[in-house]
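Chemist: Let me give you the structure first, and then I'll get to my questions.
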Amino acid sequence: MLGSMLFAASALAVETVRINPAINPPAGTTIHGSAELEVSGTSVVRGVDGKELSTKRISQMDREEYVDTTISRDAVTTKSKRIYGRVLHGDETGSEFTPMNGRTLNFVIKGKSIEVTSGDGKPLLEDERVGLTELVQRSLRVEANNLCIASFPLAVGASWNIPAAQLADCYDSLGHAVKTIPGRATLRALEPRNGHRVAVIEVSFVRSVDRIGALVFDVPADAAVTSTIEVTVDIPARWSRVTTTTLSGVTHPKGPDAPSLTTALRATETLTSAP
């Protein structure tokens, strides 16, 4: 009997937490954010006999730093401002600043209406406006599905499934995805750091990609995705995510009887958010 009581008491003592990262934080909050994508790999040409003819290394980098301020937010309208710092694109030949480098933008969200305007006197091009509008729309969807983190109380070791539709919002695809297998996530740890608890979450799933840019694979390539999310439990606006995608696909750019091209890629995306 005593053993049963001790077991019951132990079970009740299991700690659970709700993890709700702030994607679009409350009014008056300023967020320092960054995003970085590094792609590396090889491109190998083989003759019809399978003999390797040439190999080329692939390297690409995109980085951006920004400060987001939520000016006001209520049940109907949200007003915010983004100031970009360095925004860079690079490849094997070098790196350069992109048009968003140093820009200031104003956003007004009212229901499904999203207004994006320049805050620095430099006009926005229409394709820039469309891209930024899509960025905001996606951030709202990511917020709605809680960055693909289960919204119910979680104990260390708890796992949950992530529907393919949510993964499409939470994670960019390396190439054009034709199928996504529902993902699996697990709360691996609650770690004390500088007086705060940090939740460490691991996510994994697989996508089938039929093309990357002009490269159309003979058969869709399986892209394996693994992601580690860290969220400071009592400071929802402080979180980070590191995602790695690997894939390898074969193409025949000049026809099935011509040499093949095998492209193997590894992409690592790092996102950070800190008040």
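So you can find residues: chains in the structure tokens are A, B, ... in the order shown, residues in each start at 1, and ligands are numbered from 1 in order.
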Hey, what does DSSP flag as strand (DSSP E or B) within range 77-255 of chain A? Can you give it to me as a PyMOL selection string?
Modeler: chain A and resi 77-91+94-97+104-110+113-118+154+159-162+176-193+196-212+215-232+239-251
Chemist: Could you give me, as a PDB file with all heavy atoms, in the first residue's frame, the residues within 9 Å of Ala164 in chain A, counting only C-alpha atoms and dropping anything in the same chain fewer than 6 positions from it?
Modeler:
ATOM      1  N   LYS A 179       5.371  16.375 -51.671  1.00  0.00           N
ATOM      2  CA  LYS A 179       4.760  15.586 -50.600  1.00  0.00           C
ATOM      3  C   LYS A 179       5.532  15.819 -49.316  1.00  0.00           C
ATOM      4  O   LYS A 179       6.755  15.925 -49.334  1.00  0.00           O
ATOM      5  CB  LYS A 179       4.768  14.094 -50.953  1.00  0.00           C
ATOM      6  CG  LYS A 179       4.108  13.205 -49.900  1.00  0.00           C
ATOM      7  CD  LYS A 179       4.160  11.741 -50.310  1.00  0.00           C
ATOM      8  CE  LYS A 179       3.505  10.847 -49.273  1.00  0.00           C
ATOM      9  NZ  LYS A 179       3.571   9.410 -49.651  1.00  0.00           N
ATOM     10  N   THR A 180       4.805  15.918 -48.211  1.00  0.00           N
ATOM     11  CA  THR A 180       5.428  16.028 -46.898  1.00  0.00           C
ATOM     12  C   THR A 180       4.818  14.980 -45.979  1.00  0.00           C
ATOM     13  O   THR A 180       3.595  14.891 -45.856  1.00  0.00           O
ATOM     14  CB  THR A 180       5.226  17.426 -46.286  1.00  0.00           C
ATOM     15  OG1 THR A 180       5.815  18.406 -47.139  1.00  0.00           O
ATOM     16  CG2 THR A 180       5.871  17.517 -44.910  1.00  0.00           C
ATOM     17  N   ILE A 181       5.668  14.177 -45.368  1.00  0.00           N
ATOM     18  CA  ILE A 181       5.205  13.180 -44.408  1.00  0.00           C
ATOM     19  C   ILE A 181       5.032  13.864 -43.052  1.00  0.00           C
ATOM     20  O   ILE A 181       5.913  14.607 -42.623  1.00  0.00           O
ATOM     21  CB  ILE A 181       6.209  12.023 -44.298  1.00  0.00           C
ATOM     22  CG1 ILE A 181       6.345  11.328 -45.661  1.00  0.00           C
ATOM     23  CG2 ILE A 181       5.785  11.023 -43.227  1.00  0.00           C
ATOM     24  CD1 ILE A 181       7.426  10.282 -45.702  1.00  0.00           C
ATOM     25  N   PRO A 182       3.899  13.679 -42.377  1.00  0.00           N
ATOM     26  CA  PRO A 182       3.705  14.321 -41.066  1.00  0.00           C
ATOM     27  C   PRO A 182       4.905  14.106 -40.153  1.00  0.00           C
ATOM     28  O   PRO A 182       5.537  13.047 -40.163  1.00  0.00           O
ATOM     29  CB  PRO A 182       2.451  13.634 -40.526  1.00  0.00           C
ATOM     30  CG  PRO A 182       1.686  13.253 -41.756  1.00  0.00           C
ATOM     31  CD  PRO A 182       2.739  12.865 -42.768  1.00  0.00           C
ATOM     32  N   GLY A 183       5.230  15.149 -39.390  1.00  0.00           N
ATOM     33  CA  GLY A 183       6.429  15.122 -38.561  1.00  0.00           C
ATOM     34  C   GLY A 183       6.180  14.615 -37.149  1.00  0.00           C
ATOM     35  O   GLY A 183       5.039  14.417 -36.716  1.00  0.00           O
TER      36      GLY A 183
END
Chemist: Which residue, A:Thr55, A:Thr245, A:Thr70, A:Ser159, has the smallest gap to Arg82 in chain A when you use only C-alpha atoms?
Modeler: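 With only C-alpha atoms as the atom set, the closest residue is A:Thr70.
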Chemist: I want to know what sits within 6 Å of Lys79 in chain A, based on only C-alpha atoms, with residues of the same chain fewer than 4 positions away left out; could you give that as a ChimeraX atom specification?
Modeler: /A:71-72,107-108
Chemist: Please, could you write that set of residues out with C-alpha atoms as a PDB file, in the first residue's frame?
Modeler:
ATOM      1  CA  ILE A  71       3.720  49.666 -31.919  1.00  0.00           C
ATOM      2  CA  SER A  72       0.134  48.700 -31.094  1.00  0.00           C
ATOM      3  CA  PHE A 107       3.208  47.193 -41.342  1.00  0.00           C
ATOM      4  CA  VAL A 108      -0.502  47.542 -40.605  1.00  0.00           C
TER       5      VAL A 108
END
Chemist: Select, from A:Phe97, A:Trp239, A:Tyr66, A:Phe217, the residue with the minimum atom-to-atom distance to Val200 in chain A, counting only C-alpha atoms.
Modeler: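 Closest to Val200 in chain A of all the choices is A:Trp239.
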Chemist: Using only C-alpha atoms, which residues sit within 8 Å of Met61 in chain A once same-chain residues fewer than 3 positions away are excluded, as a list in words?
Modeler: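 Contacts, in chain order: Glu36, Leu37, Glu38, Val39, Leu88, His89, Gly90 and Asp91 of chain A.
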Chemist: Take the residues from that selection and write them out as a short mmCIF file (atom, residue, chain, number, x, y, z; two decimals), in the first residue's frame, keeping N, CA, C and O atoms.
Modeler:
data_model
loop_
_atom_site.label_atom_id
_atom_site.label_comp_id
_atom_site.auth_asym_id
_atom_site.auth_seq_id
_atom_site.Cartn_x
_atom_site.Cartn_y
_atom_site.Cartn_z
N GLU A 36 19.62 33.13 -40.91
CA GLU A 36 20.78 32.77 -41.71
C GLU A 36 20.54 31.43 -42.38
O GLU A 36 20.03 30.49 -41.74
N LEU A 37 20.85 31.36 -43.65
CA LEU A 37 20.72 30.11 -44.40
C LEU A 37 22.04 29.84 -45.10
O LEU A 37 22.53 30.67 -45.86
N GLU A 38 22.60 28.67 -44.84
CA GLU A 38 23.83 28.25 -45.49
C GLU A 38 23.57 26.94 -46.24
O GLU A 38 23.08 25.98 -45.65
N VAL A 39 23.91 26.94 -47.52
CA VAL A 39 23.72 25.76 -48.36
C VAL A 39 25.07 25.33 -48.89
O VAL A 39 25.83 26.15 -49.43
N LEU A 88 22.60 40.19 -46.40
CA LEU A 88 23.64 39.77 -47.33
C LEU A 88 23.23 38.52 -48.09
O LEU A 88 22.49 37.67 -47.59
N HIS A 89 23.75 38.43 -49.33
CA HIS A 89 23.65 37.19 -50.12
C HIS A 89 25.03 36.88 -50.65
O HIS A 89 25.75 37.78 -51.11
N GLY A 90 25.41 35.60 -50.58
CA GLY A 90 26.74 35.22 -51.06
C GLY A 90 26.73 33.87 -51.73
O GLY A 90 25.85 33.04 -51.51
N ASP A 91 27.74 33.64 -52.56
CA ASP A 91 27.95 32.34 -53.18
C ASP A 91 29.44 32.12 -53.37
O ASP A 91 30.26 32.80 -52.72
#
Chemist: If you count only C-alpha atoms, which residues fall within 10 Å of Arg129 in chain A, apart from same-chain ones fewer than 6 positions away, as a JSON list (two decimals) with N, CA, C and O atoms, in the first residue's frame?
Modeler:
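Writing done, so here's result.json:
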[["chain", "number", "residue", "atom", "x", "y", "z"],
["A", 115, "GLU", "N", -1.02, 45.93, -44.97],
["A", 115, "GLU", "CA", -0.46, 47.10, -45.66],
["A", 115, "GLU", "C", 1.02, 47.21, -45.31],
["A", 115, "GLU", "O", 1.39, 47.25, -44.13],
["A", 116, "VAL", "N", 1.86, 47.26, -46.34],
["A", 116, "VAL", "CA", 3.30, 47.40, -46.14],
["A", 116, "VAL", "C", 3.75, 48.69, -46.82],
["A", 116, "VAL", "O", 3.50, 48.89, -48.00],
["A", 117, "THR", "N", 4.40, 49.57, -46.06],
["A", 117, "THR", "CA", 4.87, 50.83, -46.62],
["A", 117, "THR", "C", 6.31, 51.08, -46.21],
["A", 117, "THR", "O", 6.80, 50.55, -45.20],
["A", 118, "SER", "N", 6.97, 51.89, -46.98],
["A", 118, "SER", "CA", 8.35, 52.26, -46.67],
["A", 118, "SER", "C", 8.37, 53.26, -45.53],
["A", 118, "SER", "O", 7.54, 54.17, -45.46],
["A", 123, "PRO", "N", 10.98, 54.20, -52.10],
["A", 123, "PRO", "CA", 9.80, 53.45, -52.50],
["A", 123, "PRO", "C", 10.05, 51.94, -52.53],
["A", 123, "PRO", "O", 11.17, 51.48, -52.79],
["A", 135, "LEU", "N", 5.39, 37.30, -46.35],
["A", 135, "LEU", "CA", 6.15, 37.04, -45.13],
["A", 135, "LEU", "C", 5.28, 37.26, -43.90],
["A", 135, "LEU", "O", 5.29, 36.45, -42.95]]
Chemist: Report, in Å to a single decimal, how far apart CA of Ser43 in chain A and CA of Gly255 in chain A are.
Modeler: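 Between CA of Gly255 in chain A and CA of Ser43 in chain A the gap is 17.2 Å.
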Chemist: CA of Arg18 in chain A to CA of Thr244 in chain A: how many Å, to one decimal?
Modeler: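 That distance, rounded to one decimal, is 25.5 Å.
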